[in-house]
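Enquirer: This is data.pdb, which holds PDB, C-alpha atoms and all ligand atoms:
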ATOM      1  CA  MET N 142     -33.976  11.918   3.275  1.00  0.00           C
ATOM      2  CA  SER N 143     -37.667  11.420   4.201  1.00  0.00           C
ATOM      3  CA  LEU N 144     -38.340  15.129   4.980  1.00  0.00           C
ATOM      4  CA  ARG N 145     -37.269  15.958   1.425  1.00  0.00           C
ATOM      5  CA  ARG N 146     -40.574  14.511   0.217  1.00  0.00           C
ATOM      6  CA  PHE N 147     -42.298  17.669   1.506  1.00  0.00           C
ATOM      7  CA  ASN N 148     -39.811  20.089  -0.062  1.00  0.00           C
ATOM      8  CA  PRO N 149     -40.995  21.212  -3.552  1.00  0.00           C
ATOM      9  CA  TYR N 150     -37.390  21.695  -4.742  1.00  0.00           C
ATOM     10  CA  TYR N 151     -36.491  18.090  -3.888  1.00  0.00           C
ATOM     11  CA  ARG N 152     -39.826  16.753  -5.053  1.00  0.00           C
ATOM     12  CA  TRP N 153     -40.000  18.385  -8.499  1.00  0.00           C
ATOM     13  CA  ILE N 154     -36.836  20.254  -9.491  1.00  0.00           C
ATOM     14  CA  PHE N 155     -33.882  18.244  -8.135  1.00  0.00           C
ATOM     15  CA  PRO N 156     -34.816  14.915  -9.811  1.00  0.00           C
ATOM     16  CA  ARG N 157     -34.986  16.675 -13.194  1.00  0.00           C
ATOM     17  CA  LEU N 158     -31.688  18.527 -12.635  1.00  0.00           C
ATOM     18  CA  LEU N 159     -30.137  15.194 -11.760  1.00  0.00           C
ATOM     19  CA  ASP N 160     -31.455  13.717 -14.974  1.00  0.00           C
ATOM     20  CA  ARG N 161     -29.754  16.524 -16.988  1.00  0.00           C
ATOM     21  CA  VAL N 162     -26.403  16.182 -15.187  1.00  0.00           C
ATOM     22  CA  SER N 163     -26.482  12.421 -15.647  1.00  0.00           C
ATOM     23  CA  SER N 164     -26.499  12.702 -19.431  1.00  0.00           C
ATOM     24  CA  ALA N 165     -23.261  14.798 -19.357  1.00  0.00           C
ATOM     25  CA  VAL N 166     -21.235  11.761 -18.326  1.00  0.00           C
ATOM     26  CA  ALA N 167     -22.723   9.250 -20.764  1.00  0.00           C
ATOM     27  CA  GLU N 168     -19.368   8.102 -22.210  1.00  0.00           C
ATOM     28  CA  GLU N 169     -17.768   7.557 -18.810  1.00  0.00           C
ATOM     29  CA  ARG N 170     -20.855   5.706 -17.607  1.00  0.00           C
ATOM     30  CA  LEU N 171     -20.924   3.361 -20.591  1.00  0.00           C
ATOM     31  CA  ALA N 172     -17.202   2.534 -20.265  1.00  0.00           C
ATOM     32  CA  LEU N 173     -17.564   1.650 -16.573  1.00  0.00           C
ATOM     33  CA  LEU N 174     -20.921  -0.126 -16.549  1.00  0.00           C
ATOM     34  CA  ARG N 175     -19.972  -2.386 -19.473  1.00  0.00           C
ATOM     35  CA  GLN N 176     -17.612  -4.123 -17.011  1.00  0.00           C
ATOM     36  CA  ALA N 177     -20.460  -5.214 -14.721  1.00  0.00           C
ATOM     37  CA  CYS N 178     -21.398  -8.895 -14.719  1.00  0.00           C
ATOM     38  CA  GLY N 179     -23.518 -11.470 -12.897  1.00  0.00           C
ATOM     39  CA  GLN N 180     -25.682 -10.249 -10.024  1.00  0.00           C
ATOM     40  CA  VAL N 181     -25.287  -6.464 -10.083  1.00  0.00           C
ATOM     41  CA  LEU N 182     -26.207  -3.877  -7.470  1.00  0.00           C
ATOM     42  CA  GLU N 183     -26.154  -0.235  -8.588  1.00  0.00           C
ATOM     43  CA  ILE N 184     -26.073   2.032  -5.545  1.00  0.00           C
ATOM     44  CA  GLY N 185     -27.867   5.400  -5.885  1.00  0.00           C
ATOM     45  CA  ALA N 186     -29.078   4.531  -9.368  1.00  0.00           C
ATOM     46  CA  GLY N 187     -30.725   7.952  -9.656  1.00  0.00           C
ATOM     47  CA  THR N 188     -33.083   8.423 -12.591  1.00  0.00           C
ATOM     48  CA  GLY N 189     -31.907   5.240 -14.340  1.00  0.00           C
ATOM     49  CA  ALA N 190     -29.324   6.750 -16.695  1.00  0.00           C
ATOM     50  CA  GLY N 191     -27.263   3.579 -16.317  1.00  0.00           C
ATOM     51  CA  PHE N 192     -29.899   1.039 -17.297  1.00  0.00           C
ATOM     52  CA  CYS N 193     -29.066   1.013 -21.017  1.00  0.00           C
ATOM     53  CA  CYS N 194     -25.308   0.697 -20.372  1.00  0.00           C
ATOM     54  CA  TYR N 195     -25.285  -2.826 -18.934  1.00  0.00           C
ATOM     55  CA  SER N 196     -24.217  -5.686 -21.188  1.00  0.00           C
ATOM     56  CA  GLU N 197     -25.651  -9.176 -21.554  1.00  0.00           C
ATOM     57  CA  ALA N 198     -23.105 -10.363 -18.981  1.00  0.00           C
ATOM     58  CA  VAL N 199     -25.505  -8.982 -16.345  1.00  0.00           C
ATOM     59  CA  ASP N 200     -27.946 -11.650 -15.119  1.00  0.00           C
ATOM     60  CA  HIS N 201     -29.876  -9.472 -12.711  1.00  0.00           C
ATOM     61  CA  LEU N 202     -29.663  -5.768 -11.908  1.00  0.00           C
ATOM     62  CA  ILE N 203     -30.819  -4.333  -8.590  1.00  0.00           C
ATOM     63  CA  ALA N 204     -31.084  -0.539  -8.840  1.00  0.00           C
ATOM     64  CA  LEU N 205     -31.011   0.796  -5.275  1.00  0.00           C
ATOM     65  CA  GLU N 206     -32.187   4.380  -4.712  1.00  0.00           C
ATOM     66  CA  PRO N 207     -33.375   5.953  -1.426  1.00  0.00           C
ATOM     67  CA  ASP N 208     -35.202   8.977  -2.890  1.00  0.00           C
ATOM     68  CA  SER N 209     -38.750   8.134  -3.957  1.00  0.00           C
ATOM     69  CA  ALA N 210     -39.108  11.188  -6.288  1.00  0.00           C
ATOM     70  CA  VAL N 211     -35.897  10.200  -8.088  1.00  0.00           C
ATOM     71  CA  MET N 212     -36.970   6.561  -8.104  1.00  0.00           C
ATOM     72  CA  ALA N 213     -40.237   7.551  -9.846  1.00  0.00           C
ATOM     73  CA  LEU N 214     -38.171   8.868 -12.789  1.00  0.00           C
ATOM     74  CA  ALA N 215     -36.094   5.676 -12.784  1.00  0.00           C
ATOM     75  CA  GLU N 216     -39.321   3.689 -13.012  1.00  0.00           C
ATOM     76  CA  GLN N 217     -40.421   5.761 -16.042  1.00  0.00           C
ATOM     77  CA  GLN N 218     -36.991   5.251 -17.607  1.00  0.00           C
ATOM     78  CA  LEU N 219     -37.199   1.501 -17.073  1.00  0.00           C
ATOM     79  CA  GLY N 220     -40.585   1.509 -18.814  1.00  0.00           C
ATOM     80  CA  ARG N 221     -38.855   2.888 -21.934  1.00  0.00           C
ATOM     81  CA  GLU N 222     -36.185   0.159 -21.956  1.00  0.00           C
ATOM     82  CA  SER N 223     -36.383  -3.199 -23.771  1.00  0.00           C
ATOM     83  CA  GLN N 224     -38.460  -6.088 -22.412  1.00  0.00           C
ATOM     84  CA  ILE N 225     -35.279  -8.077 -21.725  1.00  0.00           C
ATOM     85  CA  LEU N 226     -33.799  -5.249 -19.690  1.00  0.00           C
ATOM     86  CA  GLN N 227     -37.061  -4.726 -17.817  1.00  0.00           C
ATOM     87  CA  SER N 228     -37.301  -8.409 -16.952  1.00  0.00           C
ATOM     88  CA  ARG N 229     -33.821  -8.553 -15.430  1.00  0.00           C
ATOM     89  CA  THR N 230     -34.039  -5.235 -13.500  1.00  0.00           C
ATOM     90  CA  GLU N 231     -35.387  -4.686 -10.016  1.00  0.00           C
ATOM     91  CA  LEU N 232     -35.896  -1.265  -8.397  1.00  0.00           C
ATOM     92  CA  LEU N 233     -35.126  -1.193  -4.689  1.00  0.00           C
ATOM     93  CA  LEU N 234     -36.095   1.794  -2.536  1.00  0.00           C
ATOM     94  CA  ALA N 235     -33.368   1.572   0.119  1.00  0.00           C
ATOM     95  CA  ASP N 236     -30.341   3.217   1.699  1.00  0.00           C
ATOM     96  CA  ALA N 237     -26.755   2.163   0.934  1.00  0.00           C
ATOM     97  CA  GLN N 238     -25.980   2.434   4.634  1.00  0.00           C
ATOM     98  CA  GLU N 239     -28.373  -0.448   5.314  1.00  0.00           C
ATOM     99  CA  ILE N 240     -28.607  -2.616   2.216  1.00  0.00           C
ATOM    100  CA  PRO N 241     -31.492  -5.113   2.509  1.00  0.00           C
ATOM    101  CA  LEU N 242     -29.635  -7.912   0.705  1.00  0.00           C
ATOM    102  CA  ALA N 243     -27.940 -11.103   1.872  1.00  0.00           C
ATOM    103  CA  ASP N 244     -24.191 -11.407   2.587  1.00  0.00           C
ATOM    104  CA  ASN N 245     -22.028 -12.620  -0.342  1.00  0.00           C
ATOM    105  CA  SER N 246     -24.862 -12.337  -2.871  1.00  0.00           C
ATOM    106  CA  ILE N 247     -23.563  -9.788  -5.409  1.00  0.00           C
ATOM    107  CA  ASP N 248     -20.873 -10.067  -8.132  1.00  0.00           C
ATOM    108  CA  THR N 249     -20.619  -6.373  -9.048  1.00  0.00           C
ATOM    109  CA  VAL N 250     -21.494  -3.230  -7.102  1.00  0.00           C
ATOM    110  CA  VAL N 251     -21.602   0.026  -9.075  1.00  0.00           C
ATOM    111  CA  CYS N 252     -21.154   3.455  -7.468  1.00  0.00           C
ATOM    112  CA  PHE N 253     -21.427   6.189 -10.082  1.00  0.00           C
ATOM    113  CA  LEU N 254     -21.346   9.691  -8.552  1.00  0.00           C
ATOM    114  CA  VAL N 255     -22.878   8.379  -5.340  1.00  0.00           C
ATOM    115  CA  LEU N 256     -20.335   8.137  -2.521  1.00  0.00           C
ATOM    116  CA  CYS N 257     -20.164  11.961  -2.517  1.00  0.00           C
ATOM    117  CA  SER N 258     -23.819  12.033  -1.390  1.00  0.00           C
ATOM    118  CA  VAL N 259     -24.136   9.152   1.074  1.00  0.00           C
ATOM    119  CA  PRO N 260     -24.106  10.653   4.613  1.00  0.00           C
ATOM    120  CA  ASP N 261     -21.768   7.976   6.009  1.00  0.00           C
ATOM    121  CA  PRO N 262     -19.704   6.568   3.103  1.00  0.00           C
ATOM    122  CA  GLU N 263     -17.682   4.278   5.401  1.00  0.00           C
ATOM    123  CA  LYS N 264     -20.894   2.608   6.566  1.00  0.00           C
ATOM    124  CA  ALA N 265     -22.052   2.224   2.948  1.00  0.00           C
ATOM    125  CA  LEU N 266     -18.676   0.723   1.949  1.00  0.00           C
ATOM    126  CA  ALA N 267     -18.900  -1.756   4.832  1.00  0.00           C
ATOM    127  CA  GLU N 268     -22.338  -2.750   3.549  1.00  0.00           C
ATOM    128  CA  ILE N 269     -20.947  -3.066   0.009  1.00  0.00           C
ATOM    129  CA  GLN N 270     -18.189  -5.360   1.337  1.00  0.00           C
ATOM    130  CA  ARG N 271     -20.808  -7.429   3.153  1.00  0.00           C
ATOM    131  CA  VAL N 272     -23.069  -8.032   0.138  1.00  0.00           C
ATOM    132  CA  LEU N 273     -20.215  -8.597  -2.339  1.00  0.00           C
ATOM    133  CA  LYS N 274     -19.042 -12.141  -2.969  1.00  0.00           C
ATOM    134  CA  PRO N 275     -15.357 -12.611  -1.988  1.00  0.00           C
ATOM    135  CA  GLU N 276     -14.302 -12.460  -5.653  1.00  0.00           C
ATOM    136  CA  GLY N 277     -16.729  -9.606  -6.427  1.00  0.00           C
ATOM    137  CA  GLN N 278     -15.863  -6.145  -7.715  1.00  0.00           C
ATOM    138  CA  LEU N 279     -16.810  -2.563  -6.876  1.00  0.00           C
ATOM    139  CA  LEU N 280     -16.882  -0.332  -9.980  1.00  0.00           C
ATOM    140  CA  PHE N 281     -16.682   3.360  -9.119  1.00  0.00           C
ATOM    141  CA  PHE N 282     -16.702   6.792 -10.758  1.00  0.00           C
ATOM    142  CA  GLU N 283     -16.701   9.692  -8.299  1.00  0.00           C
ATOM    143  CA  HIS N 284     -15.777  13.367  -8.020  1.00  0.00           C
ATOM    144  CA  VAL N 285     -13.400  14.116  -5.156  1.00  0.00           C
ATOM    145  CA  LEU N 286     -11.312  16.793  -3.420  1.00  0.00           C
ATOM    146  CA  SER N 287      -9.251  18.637  -6.040  1.00  0.00           C
ATOM    147  CA  ASP N 288      -5.476  18.268  -6.428  1.00  0.00           C
ATOM    148  CA  SER N 289      -5.312  22.058  -6.840  1.00  0.00           C
ATOM    149  CA  PRO N 290      -4.949  23.928  -3.490  1.00  0.00           C
ATOM    150  CA  ALA N 291      -6.799  26.957  -4.951  1.00  0.00           C
ATOM    151  CA  ILE N 292      -9.781  24.848  -5.993  1.00  0.00           C
ATOM    152  CA  GLN N 293      -9.706  22.954  -2.690  1.00  0.00           C
ATOM    153  CA  LEU N 294     -10.210  26.287  -0.957  1.00  0.00           C
ATOM    154  CA  TRP N 295     -13.332  26.960  -3.061  1.00  0.00           C
ATOM    155  CA  GLN N 296     -14.600  23.434  -2.494  1.00  0.00           C
ATOM    156  CA  GLN N 297     -14.321  23.920   1.277  1.00  0.00           C
ATOM    157  CA  ARG N 298     -15.952  27.371   1.107  1.00  0.00           C
ATOM    158  CA  LEU N 299     -18.855  26.332  -1.108  1.00  0.00           C
ATOM    159  CA  ASN N 300     -19.448  22.940   0.492  1.00  0.00           C
ATOM    160  CA  PRO N 301     -22.062  23.976   3.107  1.00  0.00           C
ATOM    161  CA  LEU N 302     -24.282  25.619   0.463  1.00  0.00           C
ATOM    162  CA  TRP N 303     -23.628  22.958  -2.210  1.00  0.00           C
ATOM    163  CA  HIS N 304     -24.455  20.202   0.256  1.00  0.00           C
ATOM    164  CA  ARG N 305     -27.889  21.752   0.914  1.00  0.00           C
ATOM    165  CA  CYS N 306     -28.774  22.318  -2.769  1.00  0.00           C
ATOM    166  CA  ALA N 307     -27.269  19.170  -4.315  1.00  0.00           C
ATOM    167  CA  GLY N 308     -28.956  16.368  -2.419  1.00  0.00           C
ATOM    168  CA  GLY N 309     -26.341  16.086   0.319  1.00  0.00           C
ATOM    169  CA  CYS N 310     -23.384  15.938  -2.120  1.00  0.00           C
ATOM    170  CA  GLN N 311     -19.999  16.818  -0.559  1.00  0.00           C
ATOM    171  CA  LEU N 312     -17.347  18.534  -2.673  1.00  0.00           C
ATOM    172  CA  ASN N 313     -14.399  17.578  -0.487  1.00  0.00           C
ATOM    173  CA  ARG N 314     -14.393  13.807  -0.029  1.00  0.00           C
ATOM    174  CA  GLU N 315     -11.256  11.685  -0.439  1.00  0.00           C
ATOM    175  CA  THR N 316     -13.245   8.748  -1.774  1.00  0.00           C
ATOM    176  CA  ALA N 317     -10.346   6.650  -3.133  1.00  0.00           C
ATOM    177  CA  GLU N 318      -8.825   6.563   0.354  1.00  0.00           C
ATOM    178  CA  LEU N 319     -12.205   5.647   1.851  1.00  0.00           C
ATOM    179  CA  ILE N 320     -12.529   2.758  -0.622  1.00  0.00           C
ATOM    180  CA  GLU N 321      -9.013   1.490   0.148  1.00  0.00           C
ATOM    181  CA  ASN N 322      -9.536   1.845   3.896  1.00  0.00           C
ATOM    182  CA  SER N 323     -12.663  -0.302   3.577  1.00  0.00           C
ATOM    183  CA  GLY N 324     -10.572  -3.293   2.471  1.00  0.00           C
ATOM    184  CA  PHE N 325     -10.487  -2.879  -1.316  1.00  0.00           C
ATOM    185  CA  THR N 326      -7.412  -2.904  -3.546  1.00  0.00           C
ATOM    186  CA  LEU N 327      -7.720  -0.516  -6.471  1.00  0.00           C
ATOM    187  CA  HIS N 328      -7.319  -1.814 -10.039  1.00  0.00           C
ATOM    188  CA  ASP N 329      -7.423   0.059 -13.382  1.00  0.00           C
ATOM    189  CA  TYR N 330      -7.436   3.180 -11.233  1.00  0.00           C
ATOM    190  CA  LYS N 331      -7.301   6.630 -12.813  1.00  0.00           C
ATOM    191  CA  ARG N 332      -7.410  10.065 -11.199  1.00  0.00           C
ATOM    192  CA  TYR N 333      -7.930  12.935 -13.643  1.00  0.00           C
ATOM    193  CA  GLN N 334      -9.575  16.281 -14.258  1.00  0.00           C
ATOM    194  CA  HIS N 335     -12.550  16.378 -16.583  1.00  0.00           C
ATOM    195  CA  PRO N 336     -12.017  19.056 -19.244  1.00  0.00           C
ATOM    196  CA  ARG N 337     -15.704  20.018 -19.496  1.00  0.00           C
ATOM    197  CA  PHE N 338     -16.709  20.059 -15.822  1.00  0.00           C
ATOM    198  CA  PRO N 339     -16.558  23.122 -13.534  1.00  0.00           C
ATOM    199  CA  GLY N 340     -13.434  23.136 -11.312  1.00  0.00           C
ATOM    200  CA  ILE N 341     -15.232  22.342  -8.055  1.00  0.00           C
ATOM    201  CA  VAL N 342     -16.427  18.966  -9.439  1.00  0.00           C
ATOM    202  CA  ASN N 343     -13.863  18.153 -12.119  1.00  0.00           C
ATOM    203  CA  GLN N 344     -11.424  16.041 -10.083  1.00  0.00           C
ATOM    204  CA  LEU N 345     -12.549  12.514 -10.832  1.00  0.00           C
ATOM    205  CA  ILE N 346     -11.577   9.011  -9.840  1.00  0.00           C
ATOM    206  CA  VAL N 347     -12.525   5.896 -11.768  1.00  0.00           C
ATOM    207  CA  GLY N 348     -11.619   2.271 -11.266  1.00  0.00           C
ATOM    208  CA  LYS N 349     -12.375  -1.051  -9.708  1.00  0.00           C
ATOM    209  CA  GLY N 350     -12.086  -2.176  -6.091  1.00  0.00           C
ATOM    210  CA  VAL N 351     -11.488  -5.833  -5.324  1.00  0.00           C
ATOM    211  CA  ASN N 352     -11.310  -7.491  -1.946  1.00  0.00           C
ATOM    212  CA  SER N 353      -7.774  -7.177  -0.558  1.00  0.00           C
ATOM    213  CA  SER N 354      -8.055 -10.127   1.841  1.00  0.00           C
TER     214      SER N 354
HETATM  215  C1  LIG A   1     -25.349  12.771  -8.026  1.00  0.00           C
HETATM  216  S1  LIG A   1     -26.632  11.608  -7.886  1.00  0.00           S
HETATM  217  C2  LIG A   1     -26.110  10.362  -9.044  1.00  0.00           C
HETATM  218  C3  LIG A   1     -27.214   9.466  -9.504  1.00  0.00           C
HETATM  219  C4  LIG A   1     -26.813   8.381 -10.518  1.00  0.00           C
HETATM  220  N1  LIG A   1     -25.833   7.468  -9.978  1.00  0.00           N
HETATM  221  C5  LIG A   1     -26.301   9.000 -11.798  1.00  0.00           C
HETATM  222  O1  LIG A   1     -25.111   8.917 -12.076  1.00  0.00           O
HETATM  223  O2  LIG A   1     -27.122   9.563 -12.519  1.00  0.00           O
HETATM  224  C6  LIG A   1     -26.389  10.869  -6.313  1.00  0.00           C
HETATM  225  C7  LIG A   1     -27.369   9.766  -6.008  1.00  0.00           C
HETATM  226  O3  LIG A   1     -27.040   9.182  -4.750  1.00  0.00           O
HETATM  227  C8  LIG A   1     -28.235   8.888  -4.087  1.00  0.00           C
HETATM  228  N2  LIG A   1     -27.996   8.757  -2.641  1.00  0.00           N
HETATM  229  C9  LIG A   1     -27.873   9.717  -1.722  1.00  0.00           C
HETATM  230  N3  LIG A   1     -27.771   9.185  -0.498  1.00  0.00           N
HETATM  231  C10 LIG A   1     -27.802   7.850  -0.652  1.00  0.00           C
HETATM  232  C11 LIG A   1     -27.770   6.752   0.249  1.00  0.00           C
HETATM  233  N4  LIG A   1     -27.671   6.936   1.565  1.00  0.00           N
HETATM  234  N5  LIG A   1     -27.874   5.512  -0.267  1.00  0.00           N
HETATM  235  C12 LIG A   1     -27.966   5.309  -1.598  1.00  0.00           C
HETATM  236  N6  LIG A   1     -28.013   6.312  -2.493  1.00  0.00           N
HETATM  237  C13 LIG A   1     -27.934   7.561  -2.026  1.00  0.00           C
HETATM  238  C14 LIG A   1     -29.121  10.065  -4.433  1.00  0.00           C
HETATM  239  O4  LIG A   1     -30.495   9.828  -4.155  1.00  0.00           O
HETATM  240  C15 LIG A   1     -28.828  10.236  -5.898  1.00  0.00           C
HETATM  241  O5  LIG A   1     -29.644   9.453  -6.706  1.00  0.00           O
END
Would you write out, as structure tokens, the structure that this file holds?
Expert:
Amino acid sequence: MSLRRFNPYYRWIFPRLLDRVSSAVAEERLALLRQACGQVLEIGAGTGAGFCCYSEAVDHLIALEPDSAVMALAEQQLGRESQILQSRTELLLADAQEIPLADNSIDTVVCFLVLCSVPDPEKALAEIQRVLKPEGQLLFFEHVLSDSPAIQLWQQRLNPLWHRCAGGCQLNRETAELIENSGFTLHDYKRYQHPRFPGIVNQLIVGKGVNSS
């Protein structure tokens, strides 16, 4: 992640591309983030597209993002939000694989198009489990390996190139299984294909993970 700072594509172009893509899923984002409450941690908050979606049920929002160029856009976005929102939001430059927060301190963790990009998603999910309170929830929206064998083939073929150009994003993750294997039970879970997205990223999963123990 740190070497990206010296790459002009990742310094100037990628954060702005990300900003564009983020606005294409505004409806889905609003529907999911409205369910967040209490102490909220948004993992890989990107350019801050989610800030305006949180309701008054959120006491404090920690927007975690490891990429400083992306975080700079999130900071600008936060500056455009209301005073109330600004006062309850904290930007945290950090990695989901090593979350610098106390155990059992968070009510809601949000992962919106993030677990595809984290190098070790199992490690990040273990960290999410650690910081979540026992009754806490993980809200997720992710693109995953397609149900279509033909598209799966293209996802596998294109993955090495995609991974390099799209900030480490992987086209072929089975993220729902990873979430379940990390000790979450899935609720309000939906797996569907987005009608407007290109095939290689249109298989989506959305739902809520709660502690199974
Ligand atoms: C496709 S973008 C989505 C950004 C944002 N959630 C949105 O929907 O606009 C993936 C995000 O995951 C972040 N990311 C990548 N690796 C990460 C890690 N190890 N820990 C936390 N976030 C990470 C990226 O920096 C990027 O902001």
Enquirer: Determine the nearest neighbour of N:Leu279 from the options N:Trp303, N:Trp295, N:Phe325, N:Tyr333, counting only C-alpha atoms.
Expert: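 Among the listed residues, the smallest separation from N:Leu279 belongs to N:Phe325.
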Enquirer: I'd like the interatomic distance between atom C10 of ligand LIG 1 (chain A) and atom CA of N:Ser228, to a tenth of an Å.
Expert: 24.9 Å
Enquirer: Which of these, N:Glu183, N:Glu169, N:Glu318, N:Asp208, has the shortest distance to N:Thr249 once you count all atoms listed in the file?
Expert: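 Looking only at the distances to N:Thr249, the closest residue turns out to be N:Glu183.
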Enquirer: So what does the PyMOL selection byres (((chain N and resi 254-260) around 7) and not hetatm) actually pick up in this one, as a list in words?
Expert: Gly185, Cys252, Phe253, Asp261, Pro262, Phe282, Glu283, His284, Gly308, Gly309, Cys310, Gln311 and Arg314 of chain N
Enquirer: Between atom CA of N:Ile269 and atom CA of N:Lys349, what is the distance, to one decimal in Å?
Expert: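 If I compute the distance from atom CA of N:Ile269 to atom CA of N:Lys349, I get 13.1 Å.
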Enquirer: Taking the file above as input, evaluate the PyMOL selection byres (((chain N and resi 266) around 9) and not hetatm) and report the hits as JSON, numbers by chain.
Expert: {"N": [237, 238, 256, 261, 262, 263, 264, 265, 267, 268, 269, 270, 271, 319, 320, 323]}
Enquirer: Go through N:Val166, N:Asp236, N:Gly191, N:Leu219 one by one, measure the shortest atom-to-atom distance of each to ligand LIG 1 (chain A) using all atoms listed in the file, and give the residue with the smallest value.
Expert: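 That would be N:Asp236, the residue with the smallest distance to ligand LIG 1 (chain A).
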